[in-house]
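Participant: Just so it is clear, I am handing over target.cif, which has mmCIF, C-alpha atoms.
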```
data_start
loop_
_atom_site.label_atom_id
_atom_site.label_comp_id
_atom_site.auth_asym_id
_atom_site.auth_seq_id
_atom_site.Cartn_x
_atom_site.Cartn_y
_atom_site.Cartn_z
CA MET A 1 -85.38 -44.52 28.00
CA GLY A 2 -86.22 -43.58 24.44
CA LYS A 3 -89.61 -42.70 23.09
CA GLU A 4 -92.15 -45.44 22.46
CA THR A 5 -91.00 -47.22 19.31
CA SER A 6 -94.42 -48.79 18.67
CA CYS A 7 -95.95 -45.42 17.80
CA LEU A 8 -95.78 -43.29 14.70
CA VAL A 9 -94.93 -39.65 15.24
CA GLU A 10 -97.50 -37.34 13.73
CA PRO A 11 -97.13 -33.81 15.08
CA THR A 12 -100.26 -31.74 15.51
CA THR A 13 -100.75 -28.16 16.58
CA SER A 14 -103.72 -28.92 18.83
CA PRO A 15 -103.75 -31.37 21.76
CA LEU A 16 -105.25 -34.79 21.11
CA VAL A 17 -106.77 -37.50 23.27
CA HIS A 18 -106.26 -41.06 22.05
CA ILE A 19 -108.80 -43.46 23.61
CA ILE A 20 -108.04 -47.20 23.72
CA ARG A 21 -110.36 -49.95 24.90
CA HIS A 22 -108.60 -52.74 26.77
CA GLY A 23 -107.92 -56.10 25.13
CA GLN A 24 -109.93 -59.30 25.39
CA SER A 25 -110.24 -60.36 29.03
CA LEU A 26 -111.52 -63.49 30.74
CA HIS A 27 -115.01 -62.05 31.24
CA ASN A 28 -115.26 -61.31 27.51
CA VAL A 29 -115.06 -65.02 26.68
CA ASP A 30 -116.75 -66.39 29.83
CA ARG A 31 -119.95 -64.38 30.34
CA GLY A 32 -120.46 -66.03 33.71
CA TYR A 33 -117.01 -65.10 34.97
CA PRO A 34 -117.49 -64.94 38.76
CA HIS A 35 -114.51 -62.92 39.98
CA CYS A 36 -113.46 -59.30 40.37
CA ASP A 37 -110.85 -57.67 38.16
CA PRO A 38 -110.36 -60.26 35.36
CA PRO A 39 -107.01 -60.16 33.52
CA LEU A 40 -106.39 -60.30 29.80
CA THR A 41 -106.59 -63.64 28.04
CA ASP A 42 -103.57 -64.95 26.14
CA ALA A 43 -105.23 -63.71 22.94
CA GLY A 44 -105.82 -60.35 24.61
CA HIS A 45 -102.15 -60.04 25.47
CA GLU A 46 -101.15 -60.84 21.91
CA ALA A 47 -103.66 -58.47 20.31
CA THR A 48 -102.82 -55.52 22.58
CA ARG A 49 -99.17 -55.79 21.55
CA GLN A 50 -100.32 -54.92 18.02
CA ILE A 51 -102.15 -51.71 18.95
CA LYS A 52 -100.73 -48.58 17.33
CA ILE A 53 -101.68 -44.96 17.75
CA SER A 54 -100.76 -41.98 15.59
CA ALA A 55 -98.44 -40.16 18.01
CA VAL A 56 -95.92 -40.55 20.79
CA PRO A 57 -97.82 -39.99 24.07
CA ASP A 58 -96.56 -37.62 26.71
CA LEU A 59 -99.18 -38.76 29.25
CA ILE A 60 -100.86 -42.16 29.66
CA VAL A 61 -103.97 -42.33 31.87
CA ILE A 62 -105.32 -45.73 32.90
CA SER A 63 -108.34 -47.18 34.66
CA PRO A 64 -107.24 -48.99 37.87
CA MET A 65 -108.09 -52.49 36.61
CA THR A 66 -105.71 -55.32 35.76
CA ARG A 67 -106.96 -55.59 32.16
CA THR A 68 -106.45 -51.91 31.39
CA ILE A 69 -103.02 -51.80 33.04
CA GLN A 70 -101.91 -54.94 31.19
CA THR A 71 -103.15 -53.37 27.95
CA ALA A 72 -101.15 -50.21 28.65
CA MET A 73 -97.96 -52.14 29.37
CA ASN A 74 -98.35 -54.20 26.19
CA VAL A 75 -98.93 -51.12 24.01
CA PHE A 76 -96.19 -49.10 25.71
CA PRO A 77 -93.61 -51.58 27.05
CA SER A 78 -91.42 -48.91 28.62
CA ILE A 79 -94.04 -48.24 31.32
CA ALA A 80 -93.83 -51.83 32.56
CA SER A 81 -91.09 -50.81 34.98
CA ALA A 82 -89.87 -47.68 36.72
CA PRO A 83 -88.54 -45.20 35.96
CA ASN A 84 -89.98 -44.48 32.53
CA GLU A 85 -89.93 -41.42 30.35
CA THR A 86 -93.68 -41.19 29.76
CA GLU A 87 -95.81 -40.01 32.68
CA VAL A 88 -98.48 -42.48 33.82
CA GLN A 89 -101.51 -41.64 35.95
CA ILE A 90 -104.17 -43.98 37.37
CA TRP A 91 -107.67 -42.49 37.49
CA PRO A 92 -110.51 -44.28 39.32
CA ASP A 93 -112.96 -42.15 37.30
CA LEU A 94 -112.06 -44.25 34.24
CA ARG A 95 -113.64 -47.37 35.78
CA GLU A 96 -116.40 -49.15 33.91
CA ALA A 97 -120.00 -47.90 33.94
CA HIS A 98 -121.65 -51.22 34.83
CA ASP A 99 -121.89 -52.94 38.21
CA ALA A 100 -121.17 -56.54 37.12
CA ILE A 101 -118.71 -58.39 39.35
CA CYS A 102 -116.11 -58.36 36.55
CA ASN A 103 -116.11 -54.55 36.67
CA LYS A 104 -115.29 -54.35 40.36
CA GLY A 105 -111.65 -53.78 41.18
CA ILE A 106 -109.53 -54.90 44.09
CA SER A 107 -108.14 -52.98 47.05
CA ARG A 108 -105.46 -50.34 46.62
CA ALA A 109 -102.99 -52.54 48.51
CA ASP A 110 -103.65 -55.52 46.25
CA ILE A 111 -103.47 -53.64 42.94
CA SER A 112 -100.33 -51.85 44.15
CA ALA A 113 -98.74 -55.21 44.96
CA LYS A 114 -99.46 -56.42 41.41
CA PHE A 115 -98.04 -53.28 39.79
CA PRO A 116 -95.65 -51.75 42.35
CA HIS A 117 -94.09 -49.30 39.88
CA LEU A 118 -97.40 -47.43 39.39
CA ASN A 119 -98.96 -44.81 41.65
CA PHE A 120 -102.43 -45.74 42.93
CA SER A 121 -102.72 -42.88 45.41
CA GLU A 122 -105.96 -41.61 43.81
CA CYS A 123 -107.67 -44.96 44.40
CA PRO A 124 -109.69 -45.60 47.57
CA GLU A 125 -108.28 -48.12 50.03
CA GLU A 126 -111.13 -50.47 49.18
CA TRP A 127 -113.18 -50.69 45.99
CA ASN A 128 -116.20 -49.01 47.56
CA HIS A 129 -117.49 -46.83 44.71
CA PRO A 130 -121.24 -46.15 44.82
CA PRO A 131 -123.59 -48.15 42.56
CA HIS A 132 -123.61 -47.08 38.93
CA THR A 133 -126.36 -44.84 37.58
CA MET A 134 -126.66 -43.16 34.18
CA GLU A 135 -126.67 -39.77 35.86
CA SER A 136 -123.50 -40.46 37.85
CA ALA A 137 -121.71 -41.87 34.79
CA THR A 138 -122.66 -38.79 32.75
CA ILE A 139 -121.29 -36.52 35.48
CA ARG A 140 -118.14 -38.64 35.78
CA ALA A 141 -117.57 -38.46 32.03
CA GLU A 142 -117.75 -34.66 32.07
CA THR A 143 -115.36 -34.60 35.06
CA VAL A 144 -112.88 -36.65 33.03
CA ARG A 145 -113.25 -34.46 29.94
CA ARG A 146 -112.69 -31.29 31.98
CA ARG A 147 -109.64 -32.77 33.67
CA LEU A 148 -108.21 -33.83 30.31
CA LYS A 149 -108.77 -30.38 28.86
CA GLU A 150 -106.92 -28.80 31.77
CA LEU A 151 -104.05 -31.26 31.32
CA SER A 152 -103.94 -30.50 27.59
CA LYS A 153 -102.38 -27.15 28.48
CA GLU A 154 -99.29 -29.15 29.42
CA TYR A 155 -99.57 -32.38 27.40
CA ASN A 156 -100.07 -32.60 23.64
CA ASN A 157 -100.90 -36.30 23.21
CA ILE A 158 -102.81 -37.95 26.04
CA VAL A 159 -103.62 -41.67 25.86
CA LEU A 160 -106.64 -42.93 27.79
CA ILE A 161 -107.05 -46.68 28.43
CA THR A 162 -110.49 -47.55 29.71
CA HIS A 163 -113.68 -49.59 29.16
CA ARG A 164 -116.40 -49.86 26.52
CA GLY A 165 -119.28 -48.80 28.74
CA PHE A 166 -117.54 -45.74 30.10
CA ILE A 167 -116.31 -44.73 26.64
CA ALA A 168 -119.97 -44.64 25.58
CA PHE A 169 -120.56 -41.89 28.17
CA LEU A 170 -117.31 -40.10 27.31
CA VAL A 171 -117.68 -39.67 23.52
CA LYS A 172 -120.29 -40.00 20.80
CA GLY A 173 -119.86 -42.67 18.16
CA ASP A 174 -120.07 -46.37 17.44
CA ARG A 175 -119.34 -48.96 20.10
CA TYR A 176 -115.65 -49.71 20.65
CA ASP A 177 -114.38 -53.22 20.04
CA VAL A 178 -111.63 -54.70 22.23
CA CYS A 179 -108.25 -53.16 21.38
CA GLU A 180 -109.86 -50.41 19.31
CA SER A 181 -108.40 -46.92 19.41
CA ARG A 182 -109.67 -43.57 18.16
CA SER A 183 -108.35 -40.04 18.45
CA TYR A 184 -110.15 -36.83 19.41
CA ARG A 185 -109.53 -33.12 19.64
CA PHE A 186 -111.12 -30.78 22.15
CA GLY A 187 -114.13 -28.96 20.80
CA THR A 188 -114.14 -25.20 20.43
CA ASN A 189 -116.73 -22.99 22.11
CA GLU A 190 -118.67 -23.10 18.86
CA ASP A 191 -118.53 -26.91 18.86
CA ALA A 192 -119.91 -27.01 22.40
CA GLU A 193 -122.88 -24.91 21.27
CA ALA A 194 -123.59 -27.14 18.26
CA ASP A 195 -126.33 -29.62 19.15
CA ALA A 196 -125.15 -32.06 16.48
CA LEU A 197 -121.76 -32.38 18.19
CA ARG A 198 -122.76 -32.09 21.84
CA PHE A 199 -125.98 -34.13 22.02
CA GLY A 200 -126.66 -37.64 20.83
CA ILE A 201 -127.51 -41.22 21.75
CA ASN A 202 -125.38 -43.24 24.13
CA VAL A 203 -124.40 -46.27 22.04
CA ASP A 204 -124.67 -48.60 25.06
CA THR A 205 -127.75 -47.34 26.90
CA LYS A 206 -129.57 -46.13 23.73
CA ALA A 207 -130.67 -43.10 25.78
CA PRO A 208 -130.25 -39.44 24.77
CA GLN A 209 -127.19 -37.87 26.34
CA ASP A 210 -125.34 -34.58 26.69
CA PHE A 211 -121.69 -35.21 25.76
CA GLY A 212 -120.64 -31.76 26.97
CA PRO A 213 -120.21 -29.02 27.78
CA THR A 214 -116.58 -30.13 27.37
CA VAL A 215 -116.74 -31.87 24.00
CA LEU A 216 -114.33 -34.37 22.44
CA VAL A 217 -114.61 -34.30 18.65
CA PRO A 218 -113.27 -37.10 16.39
CA TYR A 219 -109.92 -36.03 14.97
CA THR A 220 -109.37 -36.32 11.22
CA PRO A 221 -105.68 -36.15 10.29
CA GLN A 222 -104.82 -33.92 7.38
CA GLY A 223 -105.26 -35.72 4.10
CA SER A 224 -107.47 -38.45 5.60
CA SER A 225 -111.18 -38.97 5.05
CA ASN A 226 -111.60 -41.09 8.18
CA ASP A 227 -113.21 -39.66 11.29
CA THR A 228 -111.02 -41.66 13.64
CA LEU A 229 -107.60 -43.25 13.84
CA ASN A 230 -107.37 -46.99 14.37
#
```
What is this structure when it is put down as structure tokens?
Facilitator:
Amino acid sequence: MGKETSCLVEPTTSPLVHIIRHGQSLHNVDRGYPHCDPPLTDAGHEATRQIKISAVPDLIVISPMTRTIQTAMNVFPSIASAPNETEVQIWPDLREAHDAICNKGISRADISAKFPHLNFSECPEEWNHPPHTMESATIRAETVRRRLKELSKEYNNIVLITHRGFIAFLVKGDRYDVCESRSYRFGTNEDAEADALRFGINVDTKAPQDFGPTVLVPYTPQGSSNDTLN
């Protein structure tokens, strides 16, 4: 298959991470939604088909939830079936950072049956992750950043599709809206030592947080005054 036609090619000399929040899902419009793993709404499907990023991804990493996987397949239609040219990985560590029922996934067998072309081998057989805490989410975010940095030795444009609450632990900045995307570069050693870049307030919890030592810094494309790409 050819490269993703929905993306604009913008070469860069340093690896980038493009973070996307999933589209509108049933629990976003029904706050009392009583079920695990809500899918996208019809409006969510339509809106996610309009998402653009600034580069052709060579790796797409997705939270193991129906809404994030549907978002990924709408943004990058070629991954909706196998084989596809772009590598896809499913990471349980990208799950949401809240314990509401809507943030609980389904068993590995059930999610694999819904999306049989994807590899869920990293997921536990049952959704038995421990209860969320701020400390565990902070540690999980650093684990993800370190893993991404290691992968950036091989991949130049990594797309991450995840959830608002976890993004707030992963990077500094304003709260993500549904379908929003922003791009980041990996911080240098000097960046990691700069308090202004590494430390800040978690936009969801309003608590002080260490966003390092592996730091993701908003990427500003050459000739642009914006801190992020949308």
Participant: Dump as JSON lines the rows for residues of stretch 14-108 of chain A within 12 Å of stretch 147-150 of chain A: closest atom pair and distance in Å with one decimal, all atoms listed in the file counted, ordered by chain and rising residue number.
Facilitator:
```
{"residue": "A:Ser14", "atom": "CA", "partner": "A:Lys149", "partner_atom": "CA", "distance": 11.3}
{"residue": "A:Pro15", "atom": "CA", "partner": "A:Lys149", "partner_atom": "CA", "distance": 8.8}
{"residue": "A:Leu16", "atom": "CA", "partner": "A:Lys149", "partner_atom": "CA", "distance": 9.6}
{"residue": "A:Val17", "atom": "CA", "partner": "A:Leu148", "partner_atom": "CA", "distance": 8.1}
{"residue": "A:His18", "atom": "CA", "partner": "A:Leu148", "partner_atom": "CA", "distance": 11.1}
{"residue": "A:Ile19", "atom": "CA", "partner": "A:Leu148", "partner_atom": "CA", "distance": 11.7}
{"residue": "A:Leu59", "atom": "CA", "partner": "A:Leu148", "partner_atom": "CA", "distance": 10.3}
{"residue": "A:Ile60", "atom": "CA", "partner": "A:Leu148", "partner_atom": "CA", "distance": 11.1}
{"residue": "A:Val61", "atom": "CA", "partner": "A:Leu148", "partner_atom": "CA", "distance": 9.6}
{"residue": "A:Gln89", "atom": "CA", "partner": "A:Leu148", "partner_atom": "CA", "distance": 11.7}
{"residue": "A:Trp91", "atom": "CA", "partner": "A:Arg147", "partner_atom": "CA", "distance": 10.6}
{"residue": "A:Asp93", "atom": "CA", "partner": "A:Arg147", "partner_atom": "CA", "distance": 10.6}
{"residue": "A:Leu94", "atom": "CA", "partner": "A:Arg147", "partner_atom": "CA", "distance": 11.7}
```
Participant: Limited to C-alpha atoms, could you put the picked residues into a file as a tab-separated table (two decimals), keeping the file's coordinate frame?
Facilitator:
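Written output follows (part-v1.tsv):
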```
chain	number	residue	atom	x	y	z
A	14	SER	CA	-103.72	-28.92	18.83
A	15	PRO	CA	-103.75	-31.37	21.76
A	16	LEU	CA	-105.25	-34.79	21.11
A	17	VAL	CA	-106.77	-37.50	23.27
A	18	HIS	CA	-106.26	-41.06	22.05
A	19	ILE	CA	-108.80	-43.46	23.61
A	59	LEU	CA	-99.18	-38.76	29.25
A	60	ILE	CA	-100.86	-42.16	29.66
A	61	VAL	CA	-103.97	-42.33	31.87
A	89	GLN	CA	-101.51	-41.64	35.95
A	91	TRP	CA	-107.67	-42.49	37.49
A	93	ASP	CA	-112.96	-42.15	37.30
A	94	LEU	CA	-112.06	-44.25	34.24
```
Participant: Go through A:Gly173, A:Gly32, A:Pro213, A:Pro208 and flag the residue nearest A:Glu142, using all atoms listed in the file for the distances.
Facilitator: A:Pro213
Participant: Quick check on the file I pasted: which residues fall under the PyMOL selection byres ((chain A and resi 118) around 10)? Write them as a PyMOL selection string.
Facilitator: chain A and resi 69+79-83+88-90+111-117+119-121
Participant: Those same residues, written as a compact mmCIF listing (two decimals), keeping the file's coordinate frame with C-alpha atoms?
Facilitator:
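To be explicit, this is the file written out as again.txt:
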```txt
# COMPACT_ATOMS: atom_id res chain seq x y z
CA ILE A 69 -103.02 -51.80 33.04
CA ILE A 79 -94.04 -48.24 31.32
CA ALA A 80 -93.83 -51.83 32.56
CA SER A 81 -91.09 -50.81 34.98
CA ALA A 82 -89.87 -47.68 36.72
CA PRO A 83 -88.54 -45.20 35.96
CA VAL A 88 -98.48 -42.48 33.82
CA GLN A 89 -101.51 -41.64 35.95
CA ILE A 90 -104.17 -43.98 37.37
CA ILE A 111 -103.47 -53.64 42.94
CA SER A 112 -100.33 -51.85 44.15
CA ALA A 113 -98.74 -55.21 44.96
CA LYS A 114 -99.46 -56.42 41.41
CA PHE A 115 -98.04 -53.28 39.79
CA PRO A 116 -95.65 -51.75 42.35
CA HIS A 117 -94.09 -49.30 39.88
CA ASN A 119 -98.96 -44.81 41.65
CA PHE A 120 -102.43 -45.74 42.93
CA SER A 121 -102.72 -42.88 45.41
```
Participant: Could you tell me how far atom CA of A:Gln50 lies from atom CA of A:Ser183, in Å and to one decimal?
Facilitator: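 Atom-to-atom, atom CA of A:Gln50 and atom CA of A:Ser183 are spaced 16.9 Å apart.
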Participant: Which residues, named as in the file, does the PyMOL selection byres ((chain A and resi 67) around 8) pick out? Answer as an MDAnalysis selection string.
Facilitator: chainID A and resid 22:23 25 37:40 65:66 68:71
Participant: What is the distance, in Å and to one decimal place, between atom CA of A:Ile106 and atom CA of A:Asp42?
Facilitator: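 Result for atom CA of A:Ile106 versus atom CA of A:Asp42: 21.4 Å, one decimal.
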Participant: Kindly assemble as JSON lines a list of the stretch 68-171 of chain A residues that lie within 12 Å of stretch 190-198 of chain A, each paired with its nearest atom pair and their distance in Å to one decimal, using all atoms listed in the file, sorted first by chain and then by ascending residue number.
Facilitator:
```
{"residue": "A:Glu142", "atom": "CA", "partner": "A:Arg198", "partner_atom": "CA", "distance": 11.7}
{"residue": "A:Phe169", "atom": "CA", "partner": "A:Arg198", "partner_atom": "CA", "distance": 11.9}
{"residue": "A:Leu170", "atom": "CA", "partner": "A:Arg198", "partner_atom": "CA", "distance": 11.1}
{"residue": "A:Val171", "atom": "CA", "partner": "A:Arg198", "partner_atom": "CA", "distance": 9.3}
```
Participant: Might you pull out every residue within 10 Å of A:Ile101, with all atoms listed in the file counted and same-chain residues fewer than 2 positions away left off, and present them as an MDAnalysis selection string?
Facilitator: chainID A and resid 27 32:38 98:99 103:105
Participant: With C-alpha atoms kept, could you save the residues just selected as an mmCIF file, in the coordinates of the input?
Facilitator:
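Dumped to again_4.cif:
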```
data_model
loop_
_atom_site.group_PDB
_atom_site.id
_atom_site.type_symbol
_atom_site.label_atom_id
_atom_site.label_comp_id
_atom_site.auth_asym_id
_atom_site.auth_seq_id
_atom_site.Cartn_x
_atom_site.Cartn_y
_atom_site.Cartn_z
ATOM 1 C CA HIS A 27 -115.010 -62.050 31.240
ATOM 2 C CA GLY A 32 -120.460 -66.030 33.710
ATOM 3 C CA TYR A 33 -117.010 -65.100 34.970
ATOM 4 C CA PRO A 34 -117.490 -64.940 38.760
ATOM 5 C CA HIS A 35 -114.510 -62.920 39.980
ATOM 6 C CA CYS A 36 -113.460 -59.300 40.370
ATOM 7 C CA ASP A 37 -110.850 -57.670 38.160
ATOM 8 C CA PRO A 38 -110.360 -60.260 35.360
ATOM 9 C CA HIS A 98 -121.650 -51.220 34.830
ATOM 10 C CA ASP A 99 -121.890 -52.940 38.210
ATOM 11 C CA ASN A 103 -116.110 -54.550 36.670
ATOM 12 C CA LYS A 104 -115.290 -54.350 40.360
ATOM 13 C CA GLY A 105 -111.650 -53.780 41.180
#
```
Participant: May I have the residues within 7 Å of A:Gly200 as a PDB file with C-alpha atoms, in the frame of the given file, using all atoms listed in the file and disregarding those fewer than 5 positions away in the same chain?
Facilitator:
```pdb
ATOM      1  CA  LYS A 172    -120.290 -40.000  20.800  1.00  0.00           C
ATOM      2  CA  PRO A 208    -130.250 -39.440  24.770  1.00  0.00           C
ATOM      3  CA  GLN A 209    -127.190 -37.870  26.340  1.00  0.00           C
ATOM      4  CA  ASP A 210    -125.340 -34.580  26.690  1.00  0.00           C
TER       5      ASP A 210
END
```
Participant: With a distance cut-off of 9 Å and only C-alpha atoms, select the neighbouring residues of A:Glu125, excluding the residue or stretch itself and same-chain residues fewer than 3 positions from it, and output the selection as a ChimeraX atom specification.
Facilitator: /A:107-109,121,128
Participant: Would you please work out which residue, of A:Pro124, A:Pro221, A:Gly187, A:Pro77, is nearest to A:Ala55 when using all atoms listed in the file?
Facilitator: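 That would be A:Pro221, the residue with the smallest distance to A:Ala55.
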Participant: Which residue is closest to A:Ile161? Choose from A:Ala137, A:Ile62, A:Ala100, A:Val75 and count only C-alpha atoms.
Facilitator: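 Of all the options, A:Ile62 lies closest to A:Ile161.
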Participant: Would you give the centre and edge lengths, in Å to one decimal, of a box along x, y and z around the listed atoms of stretch 41-59 of chain A, with 8 Å added to each side, as lines of an AutoDock Vina configuration file?
Facilitator:
```
center_x = -101.3
center_y = -51.3
center_z = 22.4
size_x = 26.7
size_y = 43.3
size_z = 29.7
```
Participant: Residues at most 9 Å from A:His163, counting only C-alpha atoms, excluding those fewer than 3 positions away in the same chain, as a list of chain:residue names?
Facilitator: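 Listing them by chain and then by number gives A:Ile20, A:Arg21, A:His22, A:Ser63, A:Thr68, A:Leu94, A:Arg95, A:Glu96, A:Ala97, A:Phe166, A:Ile167, A:Ala168, A:Tyr176, A:Val178.
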Participant: Give me a file of those residues, with C-alpha atoms, as an mmCIF file, keeping the file's coordinate frame.
Facilitator:
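Everything below was put into part21.cif:
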```cif
data_model
loop_
_atom_site.group_PDB
_atom_site.id
_atom_site.type_symbol
_atom_site.label_atom_id
_atom_site.label_comp_id
_atom_site.auth_asym_id
_atom_site.auth_seq_id
_atom_site.Cartn_x
_atom_site.Cartn_y
_atom_site.Cartn_z
ATOM 1 C CA ILE A 20 -108.040 -47.200 23.720
ATOM 2 C CA ARG A 21 -110.360 -49.950 24.900
ATOM 3 C CA HIS A 22 -108.600 -52.740 26.770
ATOM 4 C CA SER A 63 -108.340 -47.180 34.660
ATOM 5 C CA THR A 68 -106.450 -51.910 31.390
ATOM 6 C CA LEU A 94 -112.060 -44.250 34.240
ATOM 7 C CA ARG A 95 -113.640 -47.370 35.780
ATOM 8 C CA GLU A 96 -116.400 -49.150 33.910
ATOM 9 C CA ALA A 97 -120.000 -47.900 33.940
ATOM 10 C CA PHE A 166 -117.540 -45.740 30.100
ATOM 11 C CA ILE A 167 -116.310 -44.730 26.640
ATOM 12 C CA ALA A 168 -119.970 -44.640 25.580
ATOM 13 C CA TYR A 176 -115.650 -49.710 20.650
ATOM 14 C CA VAL A 178 -111.630 -54.700 22.230
#
```
Participant: Could you check which of A:Pro57, A:Asp174, A:Ser181, A:Thr205 is closest to A:Glu135, using all atoms listed in the file?
Facilitator: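 Once distances to A:Glu135 are computed over all atoms listed in the file, the minimum belongs to A:Thr205.
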Participant: Which value, in Å to one decimal, gives the distance between atom CA of A:Pro218 and atom CA of A:Asn202?
Facilitator: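 Those two atoms sit 15.6 Å apart.
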Participant: My list of candidates is A:Ile201, A:Arg140, A:Thr188, A:Glu180. Which is closest to A:Lys52 when distances are computed with all atoms listed in the file?
Facilitator: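 Closest residue, counting all atoms listed in the file: A:Glu180.
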Participant: Smallest atom-to-atom distance to A:Thr214: which of A:Arg175, A:His45, A:His129, A:Arg185, using only C-alpha atoms?
Facilitator: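 Comparing A:Arg175, A:His45, A:His129, A:Arg185 against A:Thr214, the winner is A:Arg185.
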Participant: Generate the missing atoms of stretch 83-97 of chain A up to N, CA, C and O atoms and report them as a PDB file, keeping the file's coordinate frame.
Facilitator:
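Result file is part.pdb:
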```
ATOM      1  N   PRO A  83     -87.798 -46.378  36.450  1.00  0.00           N
ATOM      2  CA  PRO A  83     -88.540 -45.200  35.960  1.00  0.00           C
ATOM      3  C   PRO A  83     -88.802 -45.320  34.460  1.00  0.00           C
ATOM      4  O   PRO A  83     -88.166 -46.109  33.776  1.00  0.00           O
ATOM      5  N   ASN A  84     -89.753 -44.525  33.970  1.00  0.00           N
ATOM      6  CA  ASN A  84     -89.980 -44.480  32.530  1.00  0.00           C
ATOM      7  C   ASN A  84     -90.174 -43.044  32.112  1.00  0.00           C
ATOM      8  O   ASN A  84     -90.533 -42.184  32.909  1.00  0.00           O
ATOM      9  N   GLU A  85     -89.938 -42.795  30.831  1.00  0.00           N
ATOM     10  CA  GLU A  85     -89.930 -41.420  30.350  1.00  0.00           C
ATOM     11  C   GLU A  85     -91.332 -40.841  30.249  1.00  0.00           C
ATOM     12  O   GLU A  85     -91.533 -39.642  30.432  1.00  0.00           O
ATOM     13  N   THR A  86     -92.315 -41.665  29.946  1.00  0.00           N
ATOM     14  CA  THR A  86     -93.680 -41.190  29.760  1.00  0.00           C
ATOM     15  C   THR A  86     -94.419 -41.184  31.095  1.00  0.00           C
ATOM     16  O   THR A  86     -94.428 -42.190  31.811  1.00  0.00           O
ATOM     17  N   GLU A  87     -95.063 -40.083  31.432  1.00  0.00           N
ATOM     18  CA  GLU A  87     -95.810 -40.010  32.680  1.00  0.00           C
ATOM     19  C   GLU A  87     -97.045 -40.901  32.615  1.00  0.00           C
ATOM     20  O   GLU A  87     -97.743 -40.948  31.602  1.00  0.00           O
ATOM     21  N   VAL A  88     -97.322 -41.595  33.710  1.00  0.00           N
ATOM     22  CA  VAL A  88     -98.480 -42.480  33.820  1.00  0.00           C
ATOM     23  C   VAL A  88     -99.297 -42.047  35.039  1.00  0.00           C
ATOM     24  O   VAL A  88     -98.740 -41.817  36.120  1.00  0.00           O
ATOM     25  N   GLN A  89    -100.603 -41.940  34.845  1.00  0.00           N
ATOM     26  CA  GLN A  89    -101.510 -41.640  35.950  1.00  0.00           C
ATOM     27  C   GLN A  89    -102.628 -42.680  35.976  1.00  0.00           C
ATOM     28  O   GLN A  89    -103.081 -43.139  34.921  1.00  0.00           O
ATOM     29  N   ILE A  90    -103.062 -43.039  37.176  1.00  0.00           N
ATOM     30  CA  ILE A  90    -104.170 -43.980  37.370  1.00  0.00           C
ATOM     31  C   ILE A  90    -105.360 -43.203  37.887  1.00  0.00           C
ATOM     32  O   ILE A  90    -105.289 -42.575  38.948  1.00  0.00           O
ATOM     33  N   TRP A  91    -106.469 -43.244  37.125  1.00  0.00           N
ATOM     34  CA  TRP A  91    -107.670 -42.490  37.490  1.00  0.00           C
ATOM     35  C   TRP A  91    -108.841 -43.437  37.790  1.00  0.00           C
ATOM     36  O   TRP A  91    -109.347 -44.102  36.871  1.00  0.00           O
ATOM     37  N   PRO A  92    -109.316 -43.489  39.017  1.00  0.00           N
ATOM     38  CA  PRO A  92    -110.510 -44.280  39.320  1.00  0.00           C
ATOM     39  C   PRO A  92    -111.739 -43.867  38.505  1.00  0.00           C
ATOM     40  O   PRO A  92    -112.627 -44.692  38.259  1.00  0.00           O
ATOM     41  N   ASP A  93    -111.806 -42.608  38.080  1.00  0.00           N
ATOM     42  CA  ASP A  93    -112.960 -42.150  37.300  1.00  0.00           C
ATOM     43  C   ASP A  93    -113.046 -42.813  35.932  1.00  0.00           C
ATOM     44  O   ASP A  93    -114.083 -42.690  35.250  1.00  0.00           O
ATOM     45  N   LEU A  94    -112.019 -43.530  35.515  1.00  0.00           N
ATOM     46  CA  LEU A  94    -112.060 -44.250  34.240  1.00  0.00           C
ATOM     47  C   LEU A  94    -112.617 -45.656  34.379  1.00  0.00           C
ATOM     48  O   LEU A  94    -112.659 -46.410  33.404  1.00  0.00           O
ATOM     49  N   ARG A  95    -113.072 -46.027  35.585  1.00  0.00           N
ATOM     50  CA  ARG A  95    -113.640 -47.370  35.780  1.00  0.00           C
ATOM     51  C   ARG A  95    -114.871 -47.566  34.896  1.00  0.00           C
ATOM     52  O   ARG A  95    -115.456 -46.617  34.382  1.00  0.00           O
ATOM     53  N   GLU A  96    -115.269 -48.804  34.759  1.00  0.00           N
ATOM     54  CA  GLU A  96    -116.400 -49.150  33.910  1.00  0.00           C
ATOM     55  C   GLU A  96    -117.703 -48.557  34.446  1.00  0.00           C
ATOM     56  O   GLU A  96    -117.791 -48.151  35.613  1.00  0.00           O
ATOM     57  N   ALA A  97    -118.713 -48.507  33.581  1.00  0.00           N
ATOM     58  CA  ALA A  97    -120.000 -47.900  33.940  1.00  0.00           C
ATOM     59  C   ALA A  97    -121.087 -48.964  34.075  1.00  0.00           C
ATOM     60  O   ALA A  97    -122.251 -48.717  33.769  1.00  0.00           O
TER      61      ALA A  97
END
```
